[in-house]
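See below for work.txt, which holds compact mmCIF, C-alpha atoms and all ligand atoms.
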```
# COMPACT_ATOMS: atom_id res chain seq x y z
CA MET A 1 -37.56 180.07 81.29
CA ARG A 2 -41.14 181.20 81.88
CA ILE A 3 -42.98 182.47 78.81
CA TYR A 4 -46.35 184.16 79.24
CA LEU A 5 -48.41 184.68 76.09
CA ILE A 6 -50.82 187.55 76.46
CA GLY A 7 -53.29 189.26 74.14
CA PHE A 8 -56.95 189.76 73.42
CA MET A 9 -59.44 186.88 73.31
CA GLY A 10 -58.99 185.08 70.00
CA SER A 11 -55.45 186.35 69.47
CA GLY A 12 -54.03 182.82 69.19
CA LYS A 13 -52.41 182.44 72.63
CA SER A 14 -53.36 178.77 73.08
CA HIS A 15 -52.50 177.85 69.49
CA TRP A 16 -49.06 179.46 69.49
CA GLY A 17 -48.43 178.46 73.10
CA ARG A 18 -48.90 174.80 72.33
CA LEU A 19 -46.63 174.92 69.27
CA LEU A 20 -43.97 176.88 71.13
CA SER A 21 -43.96 174.54 74.12
CA HIS A 22 -43.50 171.52 71.80
CA LYS A 23 -40.59 173.07 69.99
CA LEU A 24 -38.91 174.19 73.21
CA THR A 25 -39.88 170.96 75.02
CA LEU A 26 -41.34 172.93 77.90
CA PRO A 27 -44.56 172.19 79.75
CA PHE A 28 -47.62 174.05 78.44
CA PHE A 29 -50.24 175.60 80.71
CA ASP A 30 -53.47 177.16 79.57
CA LEU A 31 -54.61 179.36 82.44
CA ASP A 32 -58.33 179.04 81.61
CA THR A 33 -58.06 175.25 81.35
CA GLN A 34 -56.26 175.06 84.69
CA ILE A 35 -59.04 177.10 86.28
CA THR A 36 -61.85 175.03 84.77
CA GLU A 37 -60.18 171.79 85.91
CA GLN A 38 -59.62 173.12 89.38
CA GLU A 39 -63.20 174.36 89.76
CA ASN A 40 -64.75 171.57 87.75
CA LYS A 41 -66.82 174.18 85.93
CA SER A 42 -66.62 175.97 82.59
CA ILE A 43 -65.47 179.62 82.50
CA VAL A 44 -69.04 180.60 81.56
CA GLU A 45 -70.39 178.74 84.63
CA ILE A 46 -67.84 180.34 86.94
CA PHE A 47 -68.80 183.83 85.71
CA GLU A 48 -72.52 183.06 85.98
CA GLU A 49 -72.43 181.39 89.38
CA LYS A 50 -69.69 183.31 91.19
CA GLY A 51 -69.17 186.50 89.18
CA GLU A 52 -66.25 188.10 87.40
CA GLU A 53 -64.55 189.34 90.56
CA TYR A 54 -64.28 185.79 91.87
CA PHE A 55 -62.89 184.65 88.51
CA ARG A 56 -60.23 187.39 88.56
CA MET A 57 -59.12 186.29 92.05
CA LEU A 58 -58.89 182.67 90.88
CA GLU A 59 -57.01 183.73 87.77
CA LYS A 60 -54.42 185.63 89.82
CA GLU A 61 -54.10 182.81 92.33
CA THR A 62 -53.62 180.20 89.58
CA LEU A 63 -51.06 182.41 87.81
CA TYR A 64 -49.05 182.71 91.03
CA ILE A 65 -49.30 179.03 91.99
CA LEU A 66 -48.20 177.75 88.57
CA THR A 67 -45.39 180.30 88.38
CA GLU A 68 -44.05 179.58 91.82
CA SER A 69 -44.15 175.83 91.36
CA HIS A 70 -42.46 175.72 87.92
CA GLU A 71 -39.22 177.27 86.70
CA SER A 72 -39.95 176.76 83.01
CA PHE A 73 -43.10 176.70 80.94
CA VAL A 74 -45.10 178.31 78.20
CA MET A 75 -48.37 179.72 79.50
CA ALA A 76 -51.35 180.91 77.49
CA CYS A 77 -52.96 183.51 79.74
CA GLY A 78 -56.56 184.71 79.54
CA GLY A 79 -57.28 187.89 77.59
CA GLY A 80 -57.83 189.80 80.82
CA THR A 81 -54.99 188.34 82.88
CA PRO A 82 -52.45 191.18 82.43
CA CYS A 83 -55.12 193.82 83.03
CA TYR A 84 -55.98 193.01 86.66
CA PHE A 85 -54.09 193.49 89.92
CA ASN A 86 -50.39 193.83 89.21
CA ASN A 87 -50.34 190.69 87.06
CA ILE A 88 -48.37 192.20 84.18
CA ASP A 89 -45.61 193.41 86.53
CA TYR A 90 -45.55 190.01 88.18
CA MET A 91 -45.19 188.21 84.83
CA ASN A 92 -42.44 190.57 83.71
CA GLN A 93 -40.61 190.02 86.95
CA MET A 94 -40.92 186.23 86.91
CA GLY A 95 -40.39 185.59 83.19
CA THR A 96 -40.90 186.95 79.70
CA SER A 97 -44.27 188.22 78.52
CA VAL A 98 -45.13 188.12 74.83
CA TRP A 99 -48.07 190.09 73.42
CA LEU A 100 -49.66 188.49 70.39
CA ASN A 101 -50.98 191.55 68.64
CA THR A 102 -53.69 190.36 66.29
CA ARG A 103 -55.61 192.59 63.88
CA LEU A 104 -59.06 193.58 65.11
CA ASP A 105 -60.83 192.27 62.00
CA VAL A 106 -59.14 188.90 62.53
CA LEU A 107 -60.22 188.89 66.18
CA PHE A 108 -63.79 189.72 65.14
CA ASN A 109 -63.99 186.88 62.62
CA ARG A 110 -62.54 184.36 65.06
CA LEU A 111 -64.68 185.47 67.99
CA LEU A 112 -67.90 185.45 65.94
CA LYS A 113 -67.52 181.66 65.77
CA GLU A 114 -66.55 181.20 69.40
CA LYS A 115 -68.82 183.64 71.24
CA GLU A 116 -70.69 180.98 73.21
CA SER A 117 -67.70 179.76 75.19
CA ARG A 118 -66.82 183.25 76.38
CA PRO A 119 -68.88 184.80 79.16
CA LEU A 120 -68.10 188.37 78.16
CA LEU A 121 -69.29 187.77 74.59
CA LYS A 122 -72.05 185.22 74.63
CA ASN A 123 -74.96 187.64 74.85
CA LEU A 124 -73.73 190.09 72.23
CA SER A 125 -75.13 190.51 68.72
CA ASP A 126 -72.62 190.64 65.86
CA ALA A 127 -72.73 194.45 65.80
CA GLN A 128 -72.30 194.63 69.57
CA LEU A 129 -69.37 192.24 69.35
CA LYS A 130 -67.57 194.62 67.00
CA GLN A 131 -68.16 197.53 69.39
CA PHE A 132 -67.10 195.46 72.38
CA ILE A 133 -63.81 194.47 70.74
CA LEU A 134 -63.02 198.09 69.82
CA LYS A 135 -63.78 199.40 73.30
CA LYS A 136 -62.14 196.63 75.33
CA PHE A 137 -59.09 196.54 73.11
CA SER A 138 -58.52 200.26 73.52
CA GLU A 139 -58.89 199.93 77.32
CA ARG A 140 -56.55 196.96 77.52
CA ARG A 141 -53.89 198.09 75.12
CA ILE A 142 -51.96 199.93 77.85
CA TYR A 143 -51.50 196.64 79.68
CA TYR A 144 -50.64 194.59 76.60
CA GLU A 145 -48.08 197.21 75.61
CA GLN A 146 -46.13 196.53 78.77
CA ALA A 147 -45.15 193.10 77.44
CA ASP A 148 -41.43 192.39 77.08
CA LEU A 149 -42.03 191.45 73.47
CA VAL A 150 -44.67 192.39 70.89
CA ILE A 151 -45.35 190.02 68.01
CA GLU A 152 -47.61 190.79 65.06
CA GLU A 153 -49.61 187.59 65.01
CA SER A 154 -50.06 187.55 61.24
CA GLU A 155 -46.28 187.36 60.92
CA ALA A 156 -45.75 184.82 63.70
CA SER A 157 -44.02 181.48 63.21
CA VAL A 158 -42.66 179.21 65.90
CA ASP A 159 -39.08 179.82 64.79
CA SER A 160 -39.44 183.60 64.72
CA LEU A 161 -41.14 183.54 68.13
CA ILE A 162 -38.21 181.58 69.55
CA GLN A 163 -35.68 183.89 67.92
CA HIS A 164 -37.34 186.96 69.41
CA ILE A 165 -37.71 185.41 72.84
CA MET A 166 -34.03 184.44 72.91
CA HIS A 167 -33.07 188.07 72.25
CA VAL A 168 -35.05 189.60 75.14
C1 LIG B 1 -61.34 186.80 79.19
C2 LIG B 1 -60.71 185.97 78.30
C3 LIG B 1 -60.88 184.51 78.33
C4 LIG B 1 -61.25 184.04 79.73
C5 LIG B 1 -62.44 184.78 80.24
C6 LIG B 1 -62.19 186.30 80.30
C7 LIG B 1 -61.12 188.27 79.06
O1 LIG B 1 -59.65 183.89 77.92
O2 LIG B 1 -60.16 184.16 80.61
O3 LIG B 1 -63.51 184.49 79.40
O4 LIG B 1 -61.43 189.01 80.01
O5 LIG B 1 -60.60 188.71 78.01
P1 LIG B 1 -59.19 183.80 76.36
O6 LIG B 1 -58.45 185.05 76.04
O7 LIG B 1 -58.31 182.60 76.34
O8 LIG B 1 -60.43 183.63 75.56
```

The structure in this file should be written as structure tokens.
Amino acid sequence: MRIYLIGFMGSGKSHWGRLLSHKLTLPFFDLDTQITEQENKSIVEIFEEKGEEYFRMLEKETLYILTESHESFVMACGGGTPCYFNNIDYMNQMGTSVWLNTRLDVLFNRLLKEKESRPLLKNLSDAQLKQFILKKFSERRIYYEQADLVIEESEASVDSLIQHIMHV
């Protein structure tokens, strides 16, 4: 069983992914963490030194390598992972994708506190952050909506996540 958690930055993918993997006793992978360990650089450094295009290639490569080398896991993807190449089709073919749909005001409040660790956000003022979230979310929605399962994050619990996943 391969479970891919997708959703916007700050939607809770790592948090719920960790809890879910514990309960299901499956390995947990955080795609961003895998990339930073492999490159020995933070995500911000990778973007600054090599650019976003390079990061997207790495992200796809890491997604494929982890998927092909493991039959079962819970993976917290990056916010952009399903939106590049054919990654969302690949995830749906290889396992079950779950979109954590989190309210935009919740995303804004979470991301305000975590801007610095995210290359796409770190130079934005608070007002720009709000605009950025609105714009990017509306662009990315079409990819997120292709998930096998949509969960309203405010209503999520580990047990309900498992119940939904089992019914896909
Ligand atoms: C990104 C989201 C980040 C990380 C990178 C780009 C995006 O992951 O992959 O900063 O394009 O939305 P999180 O969603 O885990 O913050």

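For the pair atom O8 of ligand LIG 1 (chain B) and CA of Leu58 in chain A, the separation is 15.4 Å.
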
Inset, instruction - Around ligand LIG 1 (chain B), at most 6 Å away and counting all atoms listed in the file, which residues are there? Put them as a ChimeraX atom specification, please. - result: /A:8-10,32,78-80,118-119

Residues just named, written with C-alpha atoms as an mmCIF file, in the frame of the given file:
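And here's result.cif as it stands now:
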```cif
data_model
loop_
_atom_site.group_PDB
_atom_site.id
_atom_site.type_symbol
_atom_site.label_atom_id
_atom_site.label_comp_id
_atom_site.auth_asym_id
_atom_site.auth_seq_id
_atom_site.Cartn_x
_atom_site.Cartn_y
_atom_site.Cartn_z
ATOM 1 C CA PHE A 8 -56.950 189.760 73.420
ATOM 2 C CA MET A 9 -59.440 186.880 73.310
ATOM 3 C CA GLY A 10 -58.990 185.080 70.000
ATOM 4 C CA ASP A 32 -58.330 179.040 81.610
ATOM 5 C CA GLY A 78 -56.560 184.710 79.540
ATOM 6 C CA GLY A 79 -57.280 187.890 77.590
ATOM 7 C CA GLY A 80 -57.830 189.800 80.820
ATOM 8 C CA ARG A 118 -66.820 183.250 76.380
ATOM 9 C CA PRO A 119 -68.880 184.800 79.160
#
```

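Ranking A:Ile88, A:Val158, A:Leu134, A:Leu100 by their shortest atom-to-atom distance to Ile6 in chain A, with all atoms listed in the file included, puts A:Leu100 first.
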
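Ranking A:Glu49, A:Ser69, A:Asn40, A:Leu121 by their shortest atom-to-atom distance to Lys136 in chain A, with only C-alpha atoms included, puts A:Leu121 first.
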
Legend entry - Nearby residues, (-37.7, 183.9, 69.4) file frame, 12 Å, only C-alpha atoms, as a VMD selection string: chain A and resid 3 20 23 to 24 96 98 149 to 151 156 to 168

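Every protein or nucleic acid residue with an atom no more than 8 Å from Gly95 in chain A, counting all atoms listed in the file and leaving out same-chain residues fewer than 3 positions away, appears here: Met1, Arg2, Ile3, Tyr4, Met91 and Asn92 of chain A.
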
Save the residues we just selected, C-alpha atoms, as an mmCIF file, in the coordinates of the input?
```cif
data_model
loop_
_atom_site.group_PDB
_atom_site.id
_atom_site.type_symbol
_atom_site.label_atom_id
_atom_site.label_comp_id
_atom_site.auth_asym_id
_atom_site.auth_seq_id
_atom_site.Cartn_x
_atom_site.Cartn_y
_atom_site.Cartn_z
ATOM 1 C CA MET A 1 -37.560 180.070 81.290
ATOM 2 C CA ARG A 2 -41.140 181.200 81.880
ATOM 3 C CA ILE A 3 -42.980 182.470 78.810
ATOM 4 C CA TYR A 4 -46.350 184.160 79.240
ATOM 5 C CA MET A 91 -45.190 188.210 84.830
ATOM 6 C CA ASN A 92 -42.440 190.570 83.710
#
```

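The closest residue to Thr36 in chain A, picked from A:His22, A:Glu59, A:Lys115, A:Trp99 and counting all atoms listed in the file, is A:Glu59.
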
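Take the candidates A:Leu19, A:His70, A:Thr62, A:Tyr54 and check each one against Glu37 in chain A using only C-alpha atoms; the shortest distance goes to A:Thr62.
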
Inset, instruction - Just give me the gap between CA of Ile133 in chain A and CA of Ser21 in chain A in Å, one decimal is fine. - result: 28.3 Å

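Among the candidate residues A:Leu104, A:Leu63, A:Tyr143, A:Glu152, the one lying nearest to Leu129 in chain A is A:Leu104, with distances computed using only C-alpha atoms.
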
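In this model, the gap between CA of Phe85 in chain A and CA of Leu112 in chain A comes to 28.8 Å.
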